[in-house]
Amino acid sequence: MKRQQRRGTVLLLAIFFLVILNFLALALLDLLPLELRAAGRNRLETAAFLAADSGVLHALAYIEDRVSRGETPLPDDASSYVLQGETGSWTWEATLKADPETPPRGTNTIRVYEIHSLASLDGVAYRAVRALARQETFARYAWFEDQRRSDLVITATNYHIDGPFHSNSRIRILVPPDLYNQNRTPSFESEVTTVESYDTPDGVAYQGTPPYDGQGNPLPERYRKIFRGGRESLRTGARRIELPADSGALARAAQGQSPLTPSTRGVHLGLDAGSDGLSGGLTVVGDVDSMLLAVEEGGNRSVTIKQGSSTTKVVEVTDTAITDPEGNPVPRGSTILYKPDGTFTVHTGLTNGLIYGTGNIRGLTGVNKGKRTVAVDMAAQKEIVLGGALTRADTPVGQAPQGGRDSLGLVAFKVRIPTSIVRTVNPPTDVYAAILAGTKGSEGGLYIDSWETRTPGRVRLFGGLMMGYKPAWASVDSIEGTVLNGVTVDSTYDSNLSSSPPPYFPTIGKFRVLRYQEEAPRVD
């Protein structure tokens with residue numbers, strides 16, 4: 001009897017579990033189509049996004065190719081341009097629109113484009129992407145050189161380059177004894193790219209013990225003493241990047257809408273056509289004996305320019321309203337020009353930050369406020385000579401900048417450091433600027449006057465340095481690398497210059513995506 005009861009109980013349990021499994025099976029059958037449909041939707045949306053993204057990538061490649069060849073991506077005076085293509089069974093349509101300040105609509109040398117890419121399948125739009133791309137400037141580099149003297153070396157113990165380094169030439173590094181046993185900061189803290197290379201395992205010539213063994217195998221612990229990222233951060237055979245051939249674009253931007261190019265000696269404002277409002281910067285015709293950048297009482301910025309016996313001062317009312325010499329109020333957002341003859345004019349608006357000189361600028365010094373670029377005629381091989389320290393209003397002297405508000409750019413065929421400054425190692429002479437000196441294939445660059453006869457001195461550069469030609473600045477001991485005479489340039493990279501460059505700073509062919517936004521799929 002007990003055995004029959006146990007059998008009945010087992011039968012009931014079996015029937016119970018069969019019923020439960022039946023309900024689970026039915027539930028799974030209901031869920032399976034839902035999961036399959038969800039997987040299909042995810043696959044469709046992923047494919048749509050990849051197709052739309054492909055349109056953005058093709059548009060960027062198109063823009064970079066046209067710009068690198070000196071052509072305008074938007075033909076004639078068109079406000080937009082459409083590119084079309086296919087990715088598998090998907091089609092995409094990318095529409096390019098230029099920023100109002102971008103040629104041909106504007107005159108800003110830093111081009112900005114909006115890209116709207118739409119992905120479709122069988123004529124039905126599924127996904128759209130909007131991207132904003134801005135042209136990169138040379139200010140993205142901590143150090144850039146087109147050419148360098150083949151006998152010059154980068155002394156691993158004297159150089160510290162903490163941002164991107166690029167050379168269209170090839171480099172030689174002096175490795176002092178015991179370098180690999182020292183606990184020190186590497187010479188290069190970011191990517192290092194060169195176009196040309198030596199016939200060595202990594203393309204670099206080392207004076208001293210190389211960072212690889214006798215068979216050319218990299219020794220990671222050695223490489224990291226020179227390159228922060230090790231062997232992987234060094235790349236030879238990179239694409240060549242061309243310096244500009246002239247500074248004509250900056251000259252036009254400084255002129256603004258003024259109908260006539262200034263020709264009379266003196267300081268000229270870039271005015272709106274037919275009004276006294278500002279649309280450009282300053283054009284200085286003739287050589288400049290001294291140029292002083294300053295911050296006035298109340299926080300307004302100014303520049304004082306001396307040409308022989310003539311002195312011109314321009315005050316931009318950026319922070320605090322002032323009164324003119326006749327007692328009339330000058331509101332914020334205005335610019336006042338004090339002329340050499342004692343008269344003055346007041347103009348609505350502020351300058352675009354450009355100061356362009358047709359001649360040499362000698363004795364540039366002072367404290368910069370606001371974004372500004374000081375440039376001269378590079379095609380005529382004009383130069384900027386420093387007259388002392390160049391600092392920033394937003395940064396304590398000796399400290400690295402934390403923002404981009406007061407960034408300064410210098411653009412010249414040569415930037416020279418005369419014997420009148422940089423007399424000691426401590427204290428050094430501080431220069432806060434992105435310096436571009438030299439043109440494509442030229443011997444323009446940063447020059448140290450009479451470095452052969454100088455006792456060791458030091459310049460602290462906070463910004464970036466781009467040169468057409470790297471000349472000698474100092475002589476060093478060929479084994480220890482210690483400076484015997486001349487000037488050492490300590491470079492501290494200002495990464496803010498990459499994302500927020502000085503106005504109208506010369507550009508390269510590459511573009512950076514500033515904003516990328518996906519839009520919800522749309523089915524018509």
# chains A, B, ... in the order shown; residues from 1 in each chain; ligands from 1
call {"tool": "select_by_dssp", "arguments": {"residues": "region 163-410 of chain A", "states": "alpha helix (DSSP H)", "output": "list in words"}}
result
Pro220, Glu221, Arg222, Tyr223, Arg224, Lys225, Ile226, Gly248, Ala249, Leu250, Ala251, Arg252, Ala253, Ala254 and Gln255 of chain A
call {"tool": "residues_around", "arguments": {"residues": "region 151-166 of chain A", "least_positions_apart": "3", "cutoff": "7 Å", "atoms": "only C-alpha atoms", "output": "list in words"}}
result
Tyr141, Ala142, Trp143, Phe144, Glu145, Arg172, Ile173, Leu174, Val175, Ser187, Phe188, Glu189, Ser190, Glu191, Val192, Thr193, Thr194, Ile226, Gly481, Asp490, Ser491, Thr492 and Tyr493 of chain A
call {"tool": "write_last_selection", "arguments": {"atoms": "N, CA, C and O atoms", "output": "mmCIF file, in the first residue's frame"}}
result
data_model
loop_
_atom_site.group_PDB
_atom_site.id
_atom_site.type_symbol
_atom_site.label_atom_id
_atom_site.label_comp_id
_atom_site.auth_asym_id
_atom_site.auth_seq_id
_atom_site.Cartn_x
_atom_site.Cartn_y
_atom_site.Cartn_z
ATOM 1 N N TYR A 141 51.362 71.795 -32.010
ATOM 2 C CA TYR A 141 52.672 71.197 -31.759
ATOM 3 C C TYR A 141 53.405 71.927 -30.639
ATOM 4 O O TYR A 141 53.371 73.152 -30.543
ATOM 5 N N ALA A 142 54.064 71.152 -29.808
ATOM 6 C CA ALA A 142 55.002 71.742 -28.862
ATOM 7 C C ALA A 142 56.279 72.138 -29.591
ATOM 8 O O ALA A 142 56.938 73.126 -29.244
ATOM 9 N N TRP A 143 56.624 71.354 -30.606
ATOM 10 C CA TRP A 143 57.856 71.608 -31.374
ATOM 11 C C TRP A 143 57.637 71.092 -32.789
ATOM 12 O O TRP A 143 57.254 69.950 -32.999
ATOM 13 N N PHE A 144 57.914 71.957 -33.774
ATOM 14 C CA PHE A 144 57.804 71.590 -35.193
ATOM 15 C C PHE A 144 58.992 72.185 -35.915
ATOM 16 O O PHE A 144 59.342 73.348 -35.705
ATOM 17 N N GLU A 145 59.613 71.398 -36.776
ATOM 18 C CA GLU A 145 60.715 71.923 -37.582
ATOM 19 C C GLU A 145 60.643 71.336 -38.984
ATOM 20 O O GLU A 145 60.371 70.154 -39.162
ATOM 21 N N ARG A 172 68.926 63.580 -34.465
ATOM 22 C CA ARG A 172 70.057 62.919 -33.822
ATOM 23 C C ARG A 172 69.995 63.259 -32.331
ATOM 24 O O ARG A 172 69.843 64.414 -31.957
ATOM 25 N N ILE A 173 70.094 62.232 -31.485
ATOM 26 C CA ILE A 173 69.961 62.416 -30.035
ATOM 27 C C ILE A 173 71.281 62.053 -29.355
ATOM 28 O O ILE A 173 71.846 60.983 -29.594
ATOM 29 N N LEU A 174 71.761 62.984 -28.505
ATOM 30 C CA LEU A 174 72.962 62.736 -27.719
ATOM 31 C C LEU A 174 72.545 62.077 -26.399
ATOM 32 O O LEU A 174 71.751 62.647 -25.636
ATOM 33 N N VAL A 175 73.066 60.884 -26.155
ATOM 34 C CA VAL A 175 72.746 60.132 -24.934
ATOM 35 C C VAL A 175 73.963 60.169 -24.022
ATOM 36 O O VAL A 175 74.945 59.455 -24.242
ATOM 37 N N SER A 187 63.024 62.985 -22.182
ATOM 38 C CA SER A 187 63.145 64.177 -23.027
ATOM 39 C C SER A 187 61.858 64.449 -23.790
ATOM 40 O O SER A 187 61.461 65.605 -23.967
ATOM 41 N N PHE A 188 61.200 63.390 -24.276
ATOM 42 C CA PHE A 188 59.977 63.526 -25.064
ATOM 43 C C PHE A 188 58.828 62.879 -24.289
ATOM 44 O O PHE A 188 58.862 61.690 -24.002
ATOM 45 N N GLU A 189 57.798 63.674 -23.998
ATOM 46 C CA GLU A 189 56.681 63.151 -23.214
ATOM 47 C C GLU A 189 55.443 62.883 -24.041
ATOM 48 O O GLU A 189 54.420 62.445 -23.513
ATOM 49 N N SER A 190 55.517 63.133 -25.342
ATOM 50 C CA SER A 190 54.372 62.891 -26.203
ATOM 51 C C SER A 190 54.870 62.230 -27.487
ATOM 52 O O SER A 190 56.005 61.763 -27.556
ATOM 53 N N GLU A 191 54.017 62.201 -28.497
ATOM 54 C CA GLU A 191 54.380 61.553 -29.751
ATOM 55 C C GLU A 191 55.538 62.270 -30.436
ATOM 56 O O GLU A 191 55.661 63.492 -30.368
ATOM 57 N N VAL A 192 56.387 61.491 -31.104
ATOM 58 C CA VAL A 192 57.514 62.018 -31.870
ATOM 59 C C VAL A 192 57.406 61.452 -33.281
ATOM 60 O O VAL A 192 57.429 60.232 -33.475
ATOM 61 N N THR A 193 57.268 62.342 -34.270
ATOM 62 C CA THR A 193 57.166 61.904 -35.660
ATOM 63 C C THR A 193 58.215 62.626 -36.500
ATOM 64 O O THR A 193 58.448 63.821 -36.318
ATOM 65 N N THR A 194 58.841 61.896 -37.394
ATOM 66 C CA THR A 194 59.777 62.482 -38.352
ATOM 67 C C THR A 194 59.442 61.952 -39.734
ATOM 68 O O THR A 194 58.928 60.838 -39.889
ATOM 69 N N ILE A 226 64.083 58.063 -22.622
ATOM 70 C CA ILE A 226 64.130 59.112 -23.648
ATOM 71 C C ILE A 226 62.723 59.494 -24.104
ATOM 72 O O ILE A 226 62.400 60.681 -24.237
ATOM 73 N N GLY A 481 77.058 66.467 -22.576
ATOM 74 C CA GLY A 481 75.886 67.238 -22.975
ATOM 75 C C GLY A 481 75.696 68.526 -22.213
ATOM 76 O O GLY A 481 74.650 69.181 -22.364
ATOM 77 N N ASP A 490 64.100 76.181 -22.726
ATOM 78 C CA ASP A 490 63.263 75.236 -21.986
ATOM 79 C C ASP A 490 61.825 75.405 -22.458
ATOM 80 O O ASP A 490 61.238 76.480 -22.291
ATOM 81 N N SER A 491 61.289 74.352 -23.029
ATOM 82 C CA SER A 491 59.955 74.440 -23.622
ATOM 83 C C SER A 491 58.924 73.750 -22.746
ATOM 84 O O SER A 491 59.085 72.586 -22.387
ATOM 85 N N THR A 492 57.864 74.478 -22.391
ATOM 86 C CA THR A 492 56.713 73.906 -21.703
ATOM 87 C C THR A 492 55.504 74.072 -22.613
ATOM 88 O O THR A 492 55.112 75.195 -22.940
ATOM 89 N N TYR A 493 54.955 72.961 -23.032
ATOM 90 C CA TYR A 493 53.861 72.979 -23.998
ATOM 91 C C TYR A 493 52.572 73.492 -23.373
ATOM 92 O O TYR A 493 52.201 73.067 -22.276
#
call {"tool": "closest_atom_pairs", "arguments": {"of": "region 114-171 of chain A", "to": "region 240-247 of chain A", "cutoff": "9 Å", "atoms": "only C-alpha atoms", "output": "Markdown table"}}
result
| residue | atom | partner | partner_atom | distance |
| --- | --- | --- | --- | --- |
| A:Phe138 | CA | A:Leu243 | CA | 8.6 |
| A:Asp146 | CA | A:Leu243 | CA | 7.5 |
| A:His166 | CA | A:Ile241 | CA | 8.8 |
| A:Ser167 | CA | A:Arg240 | CA | 8.4 |
| A:Asn168 | CA | A:Arg240 | CA | 5.8 |
call {"tool": "write_last_selection", "arguments": {"atoms": "all heavy atoms", "output": "PDB file, in the first residue's frame"}}
result
ATOM      1  N   PHE A 138      49.151  75.089 -36.493  1.00  0.00           N
ATOM      2  CA  PHE A 138      50.483  74.668 -36.068  1.00  0.00           C
ATOM      3  C   PHE A 138      50.642  74.761 -34.549  1.00  0.00           C
ATOM      4  O   PHE A 138      51.569  74.175 -33.994  1.00  0.00           O
ATOM      5  CB  PHE A 138      51.552  75.513 -36.769  1.00  0.00           C
ATOM      6  CG  PHE A 138      51.856  75.054 -38.167  1.00  0.00           C
ATOM      7  CD1 PHE A 138      51.221  75.628 -39.256  1.00  0.00           C
ATOM      8  CD2 PHE A 138      52.768  74.042 -38.397  1.00  0.00           C
ATOM      9  CE1 PHE A 138      51.493  75.205 -40.545  1.00  0.00           C
ATOM     10  CE2 PHE A 138      53.047  73.611 -39.673  1.00  0.00           C
ATOM     11  CZ  PHE A 138      52.408  74.186 -40.762  1.00  0.00           C
ATOM     12  N   ASP A 146      60.865  72.204 -39.957  1.00  0.00           N
ATOM     13  CA  ASP A 146      60.866  71.761 -41.352  1.00  0.00           C
ATOM     14  C   ASP A 146      62.231  71.176 -41.718  1.00  0.00           C
ATOM     15  O   ASP A 146      62.328  70.107 -42.310  1.00  0.00           O
ATOM     16  CB  ASP A 146      60.523  72.945 -42.257  1.00  0.00           C
ATOM     17  CG  ASP A 146      60.290  72.527 -43.702  1.00  0.00           C
ATOM     18  OD1 ASP A 146      59.834  71.390 -43.907  1.00  0.00           O
ATOM     19  OD2 ASP A 146      60.562  73.326 -44.615  1.00  0.00           O
ATOM     20  N   HIS A 166      57.286  67.169 -34.151  1.00  0.00           N
ATOM     21  CA  HIS A 166      57.312  66.727 -35.555  1.00  0.00           C
ATOM     22  C   HIS A 166      58.481  67.384 -36.275  1.00  0.00           C
ATOM     23  O   HIS A 166      58.726  68.580 -36.120  1.00  0.00           O
ATOM     24  CB  HIS A 166      56.021  67.090 -36.290  1.00  0.00           C
ATOM     25  CG  HIS A 166      56.047  66.700 -37.738  1.00  0.00           C
ATOM     26  ND1 HIS A 166      55.709  65.434 -38.176  1.00  0.00           N
ATOM     27  CD2 HIS A 166      56.404  67.394 -38.851  1.00  0.00           C
ATOM     28  CE1 HIS A 166      55.836  65.376 -39.494  1.00  0.00           C
ATOM     29  NE2 HIS A 166      56.266  66.548 -39.926  1.00  0.00           N
ATOM     30  N   SER A 167      59.172  66.586 -37.076  1.00  0.00           N
ATOM     31  CA  SER A 167      60.253  67.104 -37.910  1.00  0.00           C
ATOM     32  C   SER A 167      60.076  66.573 -39.330  1.00  0.00           C
ATOM     33  O   SER A 167      59.893  65.368 -39.532  1.00  0.00           O
ATOM     34  CB  SER A 167      61.619  66.675 -37.366  1.00  0.00           C
ATOM     35  OG  SER A 167      62.650  67.101 -38.250  1.00  0.00           O
ATOM     36  N   ASN A 168      60.109  67.480 -40.297  1.00  0.00           N
ATOM     37  CA  ASN A 168      60.115  67.054 -41.697  1.00  0.00           C
ATOM     38  C   ASN A 168      61.490  66.534 -42.104  1.00  0.00           C
ATOM     39  O   ASN A 168      61.662  66.061 -43.226  1.00  0.00           O
ATOM     40  CB  ASN A 168      59.721  68.217 -42.611  1.00  0.00           C
ATOM     41  CG  ASN A 168      58.220  68.481 -42.582  1.00  0.00           C
ATOM     42  OD1 ASN A 168      57.428  67.604 -42.262  1.00  0.00           O
ATOM     43  ND2 ASN A 168      57.834  69.708 -42.901  1.00  0.00           N
TER      44      ASN A 168
END
call {"tool": "select_by_dssp", "arguments": {"residues": "region 343-481 of chain A", "states": "strand (DSSP E)", "output": "PyMOL selection string"}}
result
chain A and resi 344-348+354-357+361-368+372-376+383-392+408-412+414-417+429-437+446-448+457-470+474-476
call {"tool": "closest_residue", "arguments": {"among": "A:Leu408, A:Ala321, A:Ala474, A:Ala433", "to": "Lys371 (chain A)", "atoms": "only C-alpha atoms"}}
result
A:Leu408
call {"tool": "residues_around", "arguments": {"residues": "region 45-58 of chain A", "least_positions_apart": "6", "cutoff": "12 Å", "atoms": "only C-alpha atoms", "output": "VMD selection string"}}
result
chain A and resid 38 to 39 64 to 65 82 to 96 113 to 122 124 to 133 511 to 513 515 to 523
call {"tool": "atom_distance", "arguments": {"atom1": "CA of Ala375 (chain A)", "atom2": "CA of Val346 (chain A)"}}
result
24.3 Å
call {"tool": "residues_around", "arguments": {"residues": "region 253-263 of chain A", "least_positions_apart": "3", "cutoff": "7 Å", "atoms": "only C-alpha atoms", "output": "list in words"}}
result
Thr107, Asn108, Ala249, Leu250, His268, Gly270, Leu271, Asp272, Ala273, Ser279, Gly280, Gly281, Leu282, Thr283, Val285, Leu354, Ile355 and Tyr356 of chain A
